[in-house]
Structures are given as structure tokens and as C-alpha cells.
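Structure file start35.cif with mmCIF, C-alpha atoms and all ligand atoms:
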data_start
#
loop_
_atom_site.label_atom_id
_atom_site.label_comp_id
_atom_site.auth_asym_id
_atom_site.auth_seq_id
_atom_site.Cartn_x
_atom_site.Cartn_y
_atom_site.Cartn_z
CA MET P 137 0.00 0.00 0.00
CA PRO P 138 1.65 3.30 -1.07
CA ARG P 139 1.85 6.02 1.59
CA ALA P 140 1.42 9.76 1.05
CA LEU P 141 1.90 12.80 3.27
CA ILE P 142 -0.10 15.93 2.39
CA THR P 143 0.63 19.36 3.86
CA GLY P 144 -2.35 21.71 3.59
CA ILE P 145 -4.88 18.87 3.93
CA THR P 146 -7.45 21.27 5.43
CA GLY P 147 -7.47 23.37 2.24
CA GLN P 148 -9.44 22.99 -0.98
CA ASP P 149 -6.81 20.93 -2.82
CA GLY P 150 -5.78 18.93 0.24
CA LEU P 151 -9.28 17.53 0.66
CA TYR P 152 -9.67 16.62 -3.04
CA LEU P 153 -6.21 15.06 -3.15
CA ALA P 154 -6.82 13.03 0.02
CA GLU P 155 -10.06 11.70 -1.49
CA LEU P 156 -8.29 10.80 -4.73
CA LEU P 157 -5.39 9.01 -3.02
CA LEU P 158 -7.64 7.10 -0.60
CA ALA P 159 -9.73 5.94 -3.58
CA LYS P 160 -6.51 4.70 -5.21
CA GLY P 161 -5.70 2.62 -2.15
CA TYR P 162 -3.09 4.88 -0.54
CA ARG P 163 -2.53 5.25 3.16
CA VAL P 164 -2.91 9.03 3.55
CA PHE P 165 -1.36 11.20 6.25
CA GLY P 166 -2.30 14.86 6.57
CA LEU P 167 -0.34 17.57 8.35
CA ILE P 168 -2.49 19.87 10.50
CA ARG P 169 -1.10 22.97 12.17
CA GLY P 170 -2.10 24.64 15.41
CA GLN P 171 -3.10 23.45 18.81
CA ASN P 172 -6.83 23.39 18.17
CA ASN P 173 -7.28 23.78 14.42
CA PRO P 174 -11.00 24.39 13.73
CA LYS P 175 -10.77 22.55 10.38
CA ARG P 176 -9.69 19.27 11.97
CA GLU P 177 -13.36 18.19 12.21
CA LEU P 178 -13.97 19.10 8.55
CA VAL P 179 -11.08 16.85 7.51
CA ARG P 180 -12.29 14.03 9.77
CA ARG P 181 -15.79 14.28 8.26
CA THR P 182 -14.72 14.65 4.62
CA VAL P 183 -11.86 12.14 4.50
CA PRO P 184 -12.31 9.87 7.52
CA GLY P 185 -9.65 7.51 6.18
CA ALA P 186 -6.87 10.11 6.43
CA GLU P 187 -4.56 9.98 9.46
CA LEU P 188 -3.71 13.36 10.94
CA LEU P 189 -0.32 14.51 12.19
CA THR P 190 0.51 17.80 13.89
CA GLY P 191 3.07 20.08 12.27
CA ASP P 192 3.80 23.44 10.73
CA LEU P 193 5.78 24.38 7.62
CA THR P 194 7.73 26.94 9.65
CA ASP P 195 8.91 24.26 12.12
CA LEU P 196 11.47 21.92 10.54
CA SER P 197 11.53 19.60 13.55
CA SER P 198 7.77 19.03 13.29
CA LEU P 199 8.19 18.16 9.59
CA LEU P 200 10.93 15.65 10.39
CA ARG P 201 8.69 14.04 12.99
CA ALA P 202 5.84 13.89 10.47
CA MET P 203 8.14 12.22 7.92
CA GLU P 204 9.21 9.62 10.49
CA ALA P 205 5.60 8.95 11.49
CA ALA P 206 4.17 8.77 7.97
CA GLN P 207 7.14 7.10 6.21
CA PRO P 208 5.72 8.36 2.93
CA ASP P 209 6.50 7.30 -0.62
CA GLU P 210 5.07 10.60 -1.85
CA VAL P 211 4.92 14.07 -0.25
CA TYR P 212 2.53 16.72 -1.59
CA ASN P 213 3.37 20.20 -0.31
CA LEU P 214 0.09 22.11 -0.61
CA GLY P 215 0.37 24.14 2.60
CA ALA P 216 0.72 27.90 2.07
CA ILE P 217 -0.61 31.32 2.86
CA SER P 218 -2.43 31.31 -0.45
CA PHE P 219 -4.40 34.57 -0.83
CA VAL P 220 -2.61 37.30 -2.80
CA ALA P 221 -4.30 40.28 -1.09
CA TYR P 222 -3.57 38.87 2.38
CA SER P 223 0.08 38.34 1.37
CA TRP P 224 0.48 42.14 1.01
CA GLU P 225 -0.77 42.64 4.57
CA ASN P 226 1.36 39.79 5.95
CA ALA P 227 4.39 39.77 3.68
CA MET P 228 6.86 38.30 6.16
CA LEU P 229 4.52 35.57 7.35
CA THR P 230 3.81 34.71 3.69
CA THR P 231 7.55 34.56 3.01
CA ASP P 232 8.08 32.26 6.01
CA VAL P 233 5.23 29.85 5.18
CA THR P 234 4.84 29.96 1.39
CA GLY P 235 8.56 30.47 0.65
CA THR P 236 10.87 29.24 3.42
CA GLY P 237 8.32 26.55 4.32
CA VAL P 238 9.13 24.85 1.00
CA LEU P 239 12.81 24.76 1.92
CA ASN P 240 11.89 23.27 5.30
CA ILE P 241 9.84 20.45 3.82
CA LEU P 242 12.46 19.78 1.13
CA GLU P 243 15.08 19.53 3.89
CA ALA P 244 12.85 17.20 5.90
CA VAL P 245 12.42 14.97 2.83
CA ARG P 246 16.17 15.06 2.08
CA LEU P 247 17.22 14.23 5.65
CA TYR P 248 14.63 11.46 5.91
CA SER P 249 15.85 10.00 2.57
CA HIS P 250 19.60 10.27 3.39
CA ASP P 251 20.25 6.68 2.29
CA ASP P 252 18.53 7.11 -1.09
CA PRO P 253 17.63 10.57 -2.49
CA ARG P 254 14.92 8.98 -4.66
CA LYS P 255 13.17 7.20 -1.79
CA VAL P 256 10.43 9.87 -1.60
CA ARG P 257 8.71 11.63 -4.51
CA PHE P 258 7.93 15.29 -3.85
CA TYR P 259 5.29 17.63 -5.29
CA GLN P 260 5.45 21.42 -4.89
CA ALA P 261 2.32 23.53 -5.40
CA SER P 262 3.68 26.32 -7.59
CA SER P 263 1.37 28.95 -9.00
CA SER P 264 0.52 30.96 -12.11
CA GLU P 265 0.93 34.02 -9.84
CA MET P 266 4.67 33.51 -10.45
CA PHE P 267 4.07 34.84 -13.99
CA GLY P 268 2.56 38.08 -12.60
CA LYS P 269 3.43 40.75 -15.12
CA VAL P 270 3.27 38.27 -17.95
CA GLN P 271 6.21 38.13 -20.35
CA GLU P 272 4.53 35.77 -22.83
CA VAL P 273 0.95 34.76 -23.68
CA PRO P 274 0.04 31.97 -23.09
CA GLN P 275 2.42 31.09 -20.27
CA ARG P 276 4.37 27.85 -20.41
CA GLU P 277 7.03 26.09 -18.29
CA SER P 278 9.84 28.17 -19.87
CA THR P 279 8.16 31.60 -19.55
CA LEU P 280 10.20 34.15 -17.57
CA LEU P 281 8.79 34.56 -14.05
CA TRP P 282 7.86 38.11 -12.96
CA PRO P 283 5.85 37.88 -9.74
CA ARG P 284 3.77 40.87 -8.62
CA SER P 285 3.00 40.14 -4.96
CA PRO P 286 4.68 38.75 -1.82
CA TYR P 287 2.73 35.54 -2.50
CA GLY P 288 4.10 35.32 -6.05
CA VAL P 289 7.66 36.05 -4.90
CA ALA P 290 7.45 33.39 -2.17
CA LYS P 291 6.13 30.85 -4.70
CA VAL P 292 9.04 31.63 -7.04
CA PHE P 293 11.46 30.88 -4.19
CA GLY P 294 9.75 27.54 -3.52
CA HIS P 295 9.67 26.73 -7.23
CA TYR P 296 13.39 27.27 -7.75
CA MET P 297 14.27 25.47 -4.50
CA THR P 298 12.32 22.45 -5.75
CA ILE P 299 14.22 22.53 -9.05
CA ASN P 300 17.52 22.91 -7.16
CA TYR P 301 16.84 19.93 -4.89
CA ARG P 302 16.01 17.88 -7.98
CA GLU P 303 19.14 18.94 -9.84
CA SER P 304 21.60 19.05 -6.93
CA TYR P 305 20.48 16.09 -4.81
CA GLY P 306 18.90 13.96 -7.53
CA MET P 307 15.52 14.00 -5.78
CA HIS P 308 12.32 13.04 -7.60
CA ALA P 309 10.84 16.53 -7.12
CA SER P 310 8.16 18.05 -9.34
CA SER P 311 6.61 21.46 -9.47
CA GLY P 312 3.08 21.97 -10.75
CA ILE P 313 2.53 25.51 -12.02
CA LEU P 314 -1.20 25.53 -11.46
CA PHE P 315 -3.53 28.20 -12.78
CA ASN P 316 -6.59 29.15 -10.75
CA HIS P 317 -8.76 26.20 -9.82
CA GLU P 318 -12.03 26.40 -7.98
CA SER P 319 -14.74 24.26 -6.44
CA PRO P 320 -17.47 24.42 -3.80
CA ARG P 321 -14.58 24.02 -1.32
CA ARG P 322 -12.79 27.18 -2.45
CA GLY P 323 -12.18 29.68 0.36
CA PRO P 324 -14.82 32.46 0.41
CA GLU P 325 -12.10 35.14 0.09
CA PHE P 326 -11.40 34.11 -3.54
CA VAL P 327 -13.36 35.89 -6.26
CA THR P 328 -15.23 32.91 -7.72
CA ARG P 329 -16.53 31.77 -4.35
CA LYS P 330 -17.19 35.36 -3.27
CA VAL P 331 -19.49 35.65 -6.30
CA THR P 332 -21.21 32.25 -6.07
CA ARG P 333 -21.87 32.69 -2.35
CA ALA P 334 -23.21 36.22 -2.80
CA VAL P 335 -25.46 35.09 -5.69
CA ALA P 336 -26.88 32.33 -3.50
CA ARG P 337 -27.52 34.83 -0.71
CA ILE P 338 -29.13 37.33 -3.12
CA GLU P 339 -31.41 34.56 -4.43
CA LEU P 340 -32.45 33.74 -0.85
CA GLY P 341 -33.02 37.41 0.05
CA LEU P 342 -30.11 37.46 2.52
CA GLN P 343 -28.14 40.27 0.78
CA ASP P 344 -28.68 42.75 -2.06
CA GLU P 345 -25.38 43.40 -3.77
CA ILE P 346 -21.78 42.35 -4.34
CA VAL P 347 -18.88 44.80 -4.38
CA MET P 348 -16.39 43.98 -7.15
CA GLY P 349 -13.18 45.27 -8.76
CA ASN P 350 -12.50 45.32 -12.53
CA LEU P 351 -15.06 43.26 -14.41
CA ASP P 352 -12.94 42.86 -17.53
CA ALA P 353 -10.03 41.14 -15.71
CA LYS P 354 -9.61 37.65 -17.16
CA ARG P 355 -8.48 34.39 -15.59
CA ASP P 356 -7.89 30.79 -16.62
CA TRP P 357 -10.19 28.90 -14.23
CA GLY P 358 -10.40 25.11 -13.86
CA PHE P 359 -11.91 22.59 -11.45
CA ALA P 360 -9.82 21.62 -8.39
CA GLY P 361 -10.83 17.94 -8.68
CA ASP P 362 -9.16 17.80 -12.11
CA TYR P 363 -6.04 19.60 -10.90
CA VAL P 364 -5.22 17.23 -8.02
CA ASP P 365 -5.29 14.38 -10.54
CA ALA P 366 -2.51 16.21 -12.43
CA MET P 367 -0.46 16.40 -9.20
CA TRP P 368 -0.71 12.64 -8.74
CA ARG P 369 0.19 11.99 -12.39
CA MET P 370 3.40 14.05 -12.02
CA LEU P 371 4.62 11.79 -9.22
CA GLN P 372 3.96 8.64 -11.27
CA GLN P 373 6.52 9.67 -13.94
CA ASP P 374 10.01 8.15 -14.02
CA GLU P 375 11.59 11.57 -13.42
CA GLY P 376 10.53 14.73 -11.61
CA ASP P 377 9.77 17.75 -13.81
CA ASP P 378 7.77 21.00 -14.03
CA TYR P 379 4.33 21.22 -15.62
CA VAL P 380 1.85 24.00 -16.34
CA ILE P 381 -1.67 22.89 -15.41
CA ALA P 382 -4.38 25.08 -16.94
CA THR P 383 -7.43 24.94 -19.17
CA GLY P 384 -5.88 27.19 -21.84
CA GLN P 385 -9.07 29.31 -21.89
CA THR P 386 -9.86 32.57 -20.14
CA HIS P 387 -13.09 34.08 -18.91
CA SER P 388 -13.69 37.56 -17.53
CA ILE P 389 -15.15 38.49 -14.16
CA GLY P 390 -18.14 39.78 -16.15
CA GLU P 391 -18.66 36.28 -17.61
CA LEU P 392 -18.33 34.81 -14.12
CA LEU P 393 -21.18 37.10 -13.01
CA ASP P 394 -23.23 36.16 -16.12
CA VAL P 395 -23.00 32.42 -15.41
CA ALA P 396 -23.44 32.69 -11.63
CA PHE P 397 -26.55 34.91 -11.83
CA ALA P 398 -27.99 32.85 -14.71
CA ALA P 399 -27.80 29.81 -12.40
CA VAL P 400 -30.52 31.46 -10.25
CA GLY P 401 -32.47 32.82 -13.23
CA ILE P 402 -31.19 36.44 -13.17
CA ASP P 403 -30.13 37.73 -16.61
CA ASP P 404 -29.58 41.40 -15.78
CA TRP P 405 -27.38 41.55 -12.69
CA SER P 406 -26.45 45.25 -12.96
CA ARG P 407 -28.50 46.35 -9.94
CA HIS P 408 -26.82 43.73 -7.74
CA VAL P 409 -23.20 44.61 -8.57
CA ARG P 410 -21.29 47.69 -7.39
CA GLN P 411 -17.71 48.43 -8.46
CA ASP P 412 -15.20 49.80 -5.96
CA PRO P 413 -11.69 50.99 -6.95
CA ALA P 414 -10.36 49.44 -3.71
CA PHE P 415 -10.90 46.00 -5.29
CA MET P 416 -9.14 46.80 -8.59
CA ARG P 417 -6.13 44.56 -9.38
CA PRO P 418 -3.54 44.65 -12.19
CA ALA P 419 -5.22 43.14 -15.27
CA ASP P 420 -2.44 40.72 -16.30
CA LEU P 421 -3.56 38.18 -18.90
CA LEU P 422 -2.85 34.91 -17.11
CA ILE P 423 -3.57 32.04 -19.47
CA GLY P 424 -1.71 28.74 -19.39
CA ASP P 425 -0.50 26.44 -22.14
CA PRO P 426 -1.08 22.92 -20.75
CA SER P 427 0.28 21.07 -23.80
CA LYS P 428 3.21 19.48 -21.94
CA ALA P 429 0.84 18.11 -19.27
CA ARG P 430 -1.43 16.78 -22.01
CA ASP P 431 1.40 15.15 -23.97
CA VAL P 432 3.47 13.75 -21.10
CA LEU P 433 0.92 13.17 -18.32
CA GLY P 434 -2.10 12.45 -20.52
CA TRP P 435 -3.95 15.06 -18.45
CA GLU P 436 -7.03 16.97 -19.68
CA PRO P 437 -9.51 19.10 -17.72
CA THR P 438 -12.95 17.46 -17.58
CA VAL P 439 -15.11 20.25 -16.09
CA GLY P 440 -15.80 23.39 -18.14
CA PHE P 441 -16.21 26.95 -16.82
CA SER P 442 -20.04 27.14 -16.87
CA GLU P 443 -20.42 23.71 -15.30
CA LEU P 444 -17.93 24.68 -12.57
CA ILE P 445 -19.61 27.96 -11.64
CA THR P 446 -23.09 26.43 -11.79
CA MET P 447 -21.90 23.62 -9.48
CA MET P 448 -20.54 26.21 -7.02
CA VAL P 449 -23.78 28.24 -6.99
CA ALA P 450 -25.83 25.07 -6.39
CA SER P 451 -23.59 24.10 -3.48
CA ASP P 452 -23.72 27.61 -1.98
CA LEU P 453 -27.51 27.66 -2.25
CA GLU P 454 -27.65 24.43 -0.30
CA GLU P 455 -25.19 25.70 2.31
CA GLN P 456 -26.95 29.06 2.72
CA ARG P 457 -30.37 27.40 2.98
CA ALA P 458 -29.04 25.05 5.67
CA GLN P 459 -27.50 27.98 7.59
CA ALA P 460 -30.65 30.10 7.28
CA GLY P 461 -32.77 27.19 8.51
CA ALA P 462 -30.46 26.51 11.45
P1 LIG H 1 -5.98 26.81 0.67
O1 LIG H 1 -5.76 28.23 1.04
O2 LIG H 1 -7.39 26.31 0.57
O3 LIG H 1 -5.19 25.88 1.70
C1 LIG H 1 -3.95 26.25 2.22
C2 LIG H 1 -3.51 25.20 3.22
O4 LIG H 1 -2.24 25.58 3.77
C3 LIG H 1 -4.46 25.03 4.40
O5 LIG H 1 -4.60 23.66 4.65
C4 LIG H 1 -3.72 25.71 5.53
O6 LIG H 1 -4.01 25.19 6.80
C5 LIG H 1 -2.29 25.35 5.15
N1 LIG H 1 -1.31 26.16 5.87
C6 LIG H 1 -1.31 27.52 6.06
N2 LIG H 1 -0.27 27.87 6.83
C7 LIG H 1 0.41 26.74 7.13
C8 LIG H 1 1.57 26.47 7.90
N3 LIG H 1 2.24 27.44 8.53
N4 LIG H 1 1.99 25.17 8.01
C9 LIG H 1 1.30 24.18 7.40
N5 LIG H 1 0.19 24.38 6.66
C10 LIG H 1 -0.25 25.64 6.52
O7 LIG H 1 -5.20 26.57 -0.71
P2 LIG H 1 -5.60 25.62 -1.95
O8 LIG H 1 -6.01 24.29 -1.44
O9 LIG H 1 -6.49 26.37 -2.87
O10 LIG H 1 -4.20 25.51 -2.69
C11 LIG H 1 -3.25 24.48 -2.37
C12 LIG H 1 -1.87 24.95 -2.74
O11 LIG H 1 -1.82 25.25 -4.13
C13 LIG H 1 -1.41 26.24 -2.04
O12 LIG H 1 -0.01 26.14 -1.83
C14 LIG H 1 -1.71 27.33 -3.05
O13 LIG H 1 -0.86 28.44 -2.85
C15 LIG H 1 -1.40 26.59 -4.34
N6 LIG H 1 -2.11 27.07 -5.50
C16 LIG H 1 -3.46 27.16 -5.50
C17 LIG H 1 -4.14 27.59 -6.61
C18 LIG H 1 -5.63 27.66 -6.64
O14 LIG H 1 -6.18 28.23 -7.59
N7 LIG H 1 -6.34 27.09 -5.68
C19 LIG H 1 -3.42 27.98 -7.83
C20 LIG H 1 -2.00 27.76 -7.76
C21 LIG H 1 -1.37 27.32 -6.63
P3 LIG H 1 -5.05 25.92 7.82
O15 LIG H 1 -6.39 25.37 7.49
O16 LIG H 1 -4.57 25.49 9.15
O17 LIG H 1 -4.95 27.40 7.60
#
Now that the file is in, can you turn its structure into C-alpha cells?
Amino acid sequence: MPRALITGITGQDGLYLAELLLAKGYRVFGLIRGQNNPKRELVRRTVPGAELLTGDLTDLSSLLRAMEAAQPDEVYNLGAISFVAYSWENAMLTTDVTGTGVLNILEAVRLYSHDDPRKVRFYQASSSEMFGKVQEVPQRESTLLWPRSPYGVAKVFGHYMTINYRESYGMHASSGILFNHESPRRGPEFVTRKVTRAVARIELGLQDEIVMGNLDAKRDWGFAGDYVDAMWRMLQQDEGDDYVIATGQTHSIGELLDVAFAAVGIDDWSRHVRQDPAFMRPADLLIGDPSKARDVLGWEPTVGFSELITMMVASDLEEQRAQAGA
């Protein structure tokens, strides 16, 4: 039975990945931080088969202990401070967790595997935010990185450390440069979920409007369930490598509003949406070229944009109804 250790198991991707690996017959260990993490129960409920270990990416000794306890064949490093806006307000914390944390887990893997550098396969959750001020459209594995936030800079550090551990120590280490991926489990601070939750609340008469930034900003959005499958495929290759994971299609925030409101039967959403300059972000055209992942990993996205957003609105309606009834 293969064994996997997942950091960030309480997050969107951690839960989907744990489900995927358990279904494949893995023994799954998840790292949970904090003395009394409120998401521990969510993980227990969602993936009861996963075994939980305490640790923090900023604490190397806790990572070494987790490695010894889990004895993993594969390590998926999904833990991070992951919200760009928050990373501006907490730049040093973001650097410690999202950047230096990668070095800590790579060191834990290296020290644990001292007798054989290829004993453990490692996945690093890199991000399209590393492209920032884009130098090429669409972005591919070789595109020059130009991050535009503390989050993006920290991810670039983790990305190059992963490549360096692969090249210098001969580790089986891969970096997935993932474009935005969403689901009903997406944190409510991210724009897709902010919209789908607000639309559900508007439909139920619980709020009137959403405050948004630029409506013409475009993103390449996929479904998180598809993207964790790409992570697993990377670690099944003979060698570690870097892969862009994306749909290769963009949609604007305006289209996101169109689909989300249409899901509750509202065609003209103008009276429900107010724009505020405080929410405006640089309109970089982030769009990925996933051809390497398609050719080498045999990976393709299976859930389209409209289906994804409609799924999220349906889930938020259910959640909001349950909360309103409680
Ligand atoms: P989430 O924000 O949903 O989850 C982040 C996870 O990191 C949580 O489990 C959180 O735990 C954990 N974490 C935070 N701080 C620490 C710490 N100090 N030590 C250990 N764990 C910590 O992110 P996603 O699931 O959406 O994303 C997974 C990874 O992929 C992240 O690294 C993200 O940056 C990256 N990524 C995501 C993309 C996306 O579109 N979703 C796109 C590209 C990359 P807790 O619950 O305790 O806070």
C-alpha cells in the first residue's frame, strides 16, 4: 500500500487530493497545524480515512517528525498562505510559510531519505501568480517569471528550490505551475466563491449586492478535482519535472457574473453589482499552455467553466439554505 503525506490537507486541494489518493488505495497522512485547528473536524468528516499529524511548515523539527511517522513514498506540499491580497498585509509571514516553508519540507524529505535521495517523490504547489506581469501569452514552463506580490515572490522561491533539490540532490521533485482552480470548497475570500456565495444569498433574500473590482479582468479557471489528478500523475513519472496545469481558456469576471446569476435565473445583474476601486487589481492576462501536461501526463480538464460555476452556486444555495434554517 503506497503512503502519502499531504501538507495543507485542510485546504481545498488537500481535501480533493486526500479523497483521490484514498480511492486509489493509498494510506494518507495529513499535516495539521495549530493546537486546536477548527478545520480538523472538517477533515475528519470529509476524509475519515486520512490519518492526521501535527506540524507546521515553519517548524522543521515538526516536519521531520511527520516524515518519520508517515514514512511516505510521496509528499505533496500544498500548505501555504495562499491569498494574494492577504500576502500584502502579511508579507513576512507569507515569506516564512509559502517560501521558506518549502525549503523546510524539502530539507525534511532530504534528511529522511539520506540513504537514497529517490526514496520519496515530492510535489510542490507552484502557481501561475509567479508569472505576474506576464512576459509571454500563453504562459508555459519556460516563460520568464515576474511575480507581482509577496505571494508570487514566495512561490518563485519555492519553485526554484524544488528545481535545485532535484538537480543538486537527484531527488524526484516536481513542481506543478497551477492556474486558478475552484470548487465548492474554495475559500470564500477568492473571487469565484465570493461571487457564487453572494449570488446564492441574493437569491435567498439574505443580501442585495456584491462589491467587485474590474469586471474585464480575465483568468484561466479550472476545477480543483481535475487539478489534483494532475499532481498525482506528475509523481507517477520516471523523473521529476515541471508542468503547467491550466485549461488554456480565459473568462472575464463579467462572464463569471453572467454564469453565476444565470444559475438562479437572473439575466440582468447590474442592480446587484457595485464596483469599488479598492478592489481593482492589475489586469495581467494569465492564461496557461497545458500542452506538456497533455502530452506527457495524458492530463485533460474534464469540467468546463459554466459547469464549474453552476456547481458552485448550487452548493452555496444548499449551504446558505441550511444555515438560514439553522
Ligand atoms: P488553501 O488556502 O485552501 O489551503 C492552504 C492550506 O495551507 C491550508 O490547509 C492551511 O491550513 C495550510 N497552511 C497555512 N499555513 C500553514 C503552515 N504554517 N503550516 C502548514 N500548513 C499551513 O489553498 P488551496 O487548497 O487552494 O491551494 C493548495 C496549494 O496550491 C497552495 O499552496 C496554493 O498556494 C497553491 N495554489 C493554488 C491555486 C488555486 O487556484 N487554488 C493555484 C496555484 C497554486 P489551515 O487550514 O490550518 O490554515
Test item: residues no farther than 9 Å from ligand LIG 1 (chain H), counting all atoms listed in the file, as a PyMOL selection string: chain P and resi 143-152+167-170+173-176+191-195+213-219+229-230+232-234+237+260-265+287+291+312-319+321-323+326+357-360
Would you tabulate, counting all atoms listed in the file, all residues of stretch 241-290 of chain P that have an atom at most 8 Å from an atom of stretch 378-391 of chain P, showing the closest pair of atoms and their distance in Å to one decimal, sorted by chain then ascending number, as CSV?
residue,atom,partner,partner_atom,distance
P:Pro274,CA,P:Gly384,CA,7.7
P:Arg276,CA,P:Val380,CA,6.1
P:Glu277,CA,P:Val380,CA,5.9
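Taking atom CA of P:Pro437 and atom CA of P:Met266 as the two end points, the separation is 21.5 Å.
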Of the listed residues P:Leu392, P:Met416, P:Met348, P:Arg139, that which approaches P:Thr332 most closely, counting all atoms listed in the file: P:Leu392
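Counting all atoms listed in the file and comparing P:Gly424, P:Pro208, P:Pro283, P:Gly401, the residue that lies closest to P:Lys255 is P:Pro208.
Of the residues under consideration (P:Met447, P:Val331, P:Leu340, P:Val292), P:Val331 shows the shortest atom-to-atom contact distance to P:Trp405 when counting only C-alpha atoms.
Proximity ranking of P:Asn240, P:Thr231, P:Thr328, P:Ser311 relative to P:Ala396 places P:Thr328 first, based on only C-alpha atoms.
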Give as a PDB file with C-alpha atoms, keeping the file's coordinate frame the set of residues within 9 Å of the point (-22.4, 27.0, -1.5), where distances use the file's coordinates and all atoms listed in the file.
ATOM      1  CA  PRO P 320     -17.470  24.420  -3.800  1.00  0.00           C
ATOM      2  CA  ARG P 321     -14.580  24.020  -1.320  1.00  0.00           C
ATOM      3  CA  ARG P 329     -16.530  31.770  -4.350  1.00  0.00           C
ATOM      4  CA  THR P 332     -21.210  32.250  -6.070  1.00  0.00           C
ATOM      5  CA  ARG P 333     -21.870  32.690  -2.350  1.00  0.00           C
ATOM      6  CA  ALA P 336     -26.880  32.330  -3.500  1.00  0.00           C
ATOM      7  CA  MET P 447     -21.900  23.620  -9.480  1.00  0.00           C
ATOM      8  CA  MET P 448     -20.540  26.210  -7.020  1.00  0.00           C
ATOM      9  CA  VAL P 449     -23.780  28.240  -6.990  1.00  0.00           C
ATOM     10  CA  ALA P 450     -25.830  25.070  -6.390  1.00  0.00           C
ATOM     11  CA  SER P 451     -23.590  24.100  -3.480  1.00  0.00           C
ATOM     12  CA  ASP P 452     -23.720  27.610  -1.980  1.00  0.00           C
ATOM     13  CA  LEU P 453     -27.510  27.660  -2.250  1.00  0.00           C
ATOM     14  CA  GLU P 454     -27.650  24.430  -0.300  1.00  0.00           C
ATOM     15  CA  GLU P 455     -25.190  25.700   2.310  1.00  0.00           C
ATOM     16  CA  GLN P 456     -26.950  29.060   2.720  1.00  0.00           C
TER      17      GLN P 456
END
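We find atom CA of P:Tyr212 and atom CA of P:Tyr259 to be spaced 4.7 Å apart.
The coordinates place atom CA of P:Phe165 at 19.1 Å from atom CA of P:Met370.
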Set the distance at 9 Å and use all atoms listed in the file: which residues neighbour P:Gly434 once local chain neighbours fewer than 3 positions away are removed? I'd like the list as a PDB file with C-alpha atoms, in the frame of the given file.
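Done, and the output landed in result_7.pdb:
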ATOM      1  CA  ALA P 366      -2.510  16.210 -12.430  1.00  0.00           C
ATOM      2  CA  ARG P 369       0.190  11.990 -12.390  1.00  0.00           C
ATOM      3  CA  LYS P 428       3.210  19.480 -21.940  1.00  0.00           C
ATOM      4  CA  ALA P 429       0.840  18.110 -19.270  1.00  0.00           C
ATOM      5  CA  ARG P 430      -1.430  16.780 -22.010  1.00  0.00           C
ATOM      6  CA  ASP P 431       1.400  15.150 -23.970  1.00  0.00           C
TER       7      ASP P 431
END
Which of P:Glu443, P:Asp365, P:Asp420, P:Glu243 sits closest to P:Met203 [using all atoms listed in the file]: P:Glu243
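You can rank P:Lys269, P:Arg355, P:His295, P:Arg257 by their closest distance to P:Ala309 using all atoms listed in the file, and at the top of that list sits P:Arg257.
All polymer residues at most 9 Å from (-8.0, 44.1, -19.8), using only C-alpha atoms, appear as Asn350, Leu351, Asp352, Ala353, Lys354, Ser388, Pro418, Ala419, Asp420 and Leu421 of chain P.
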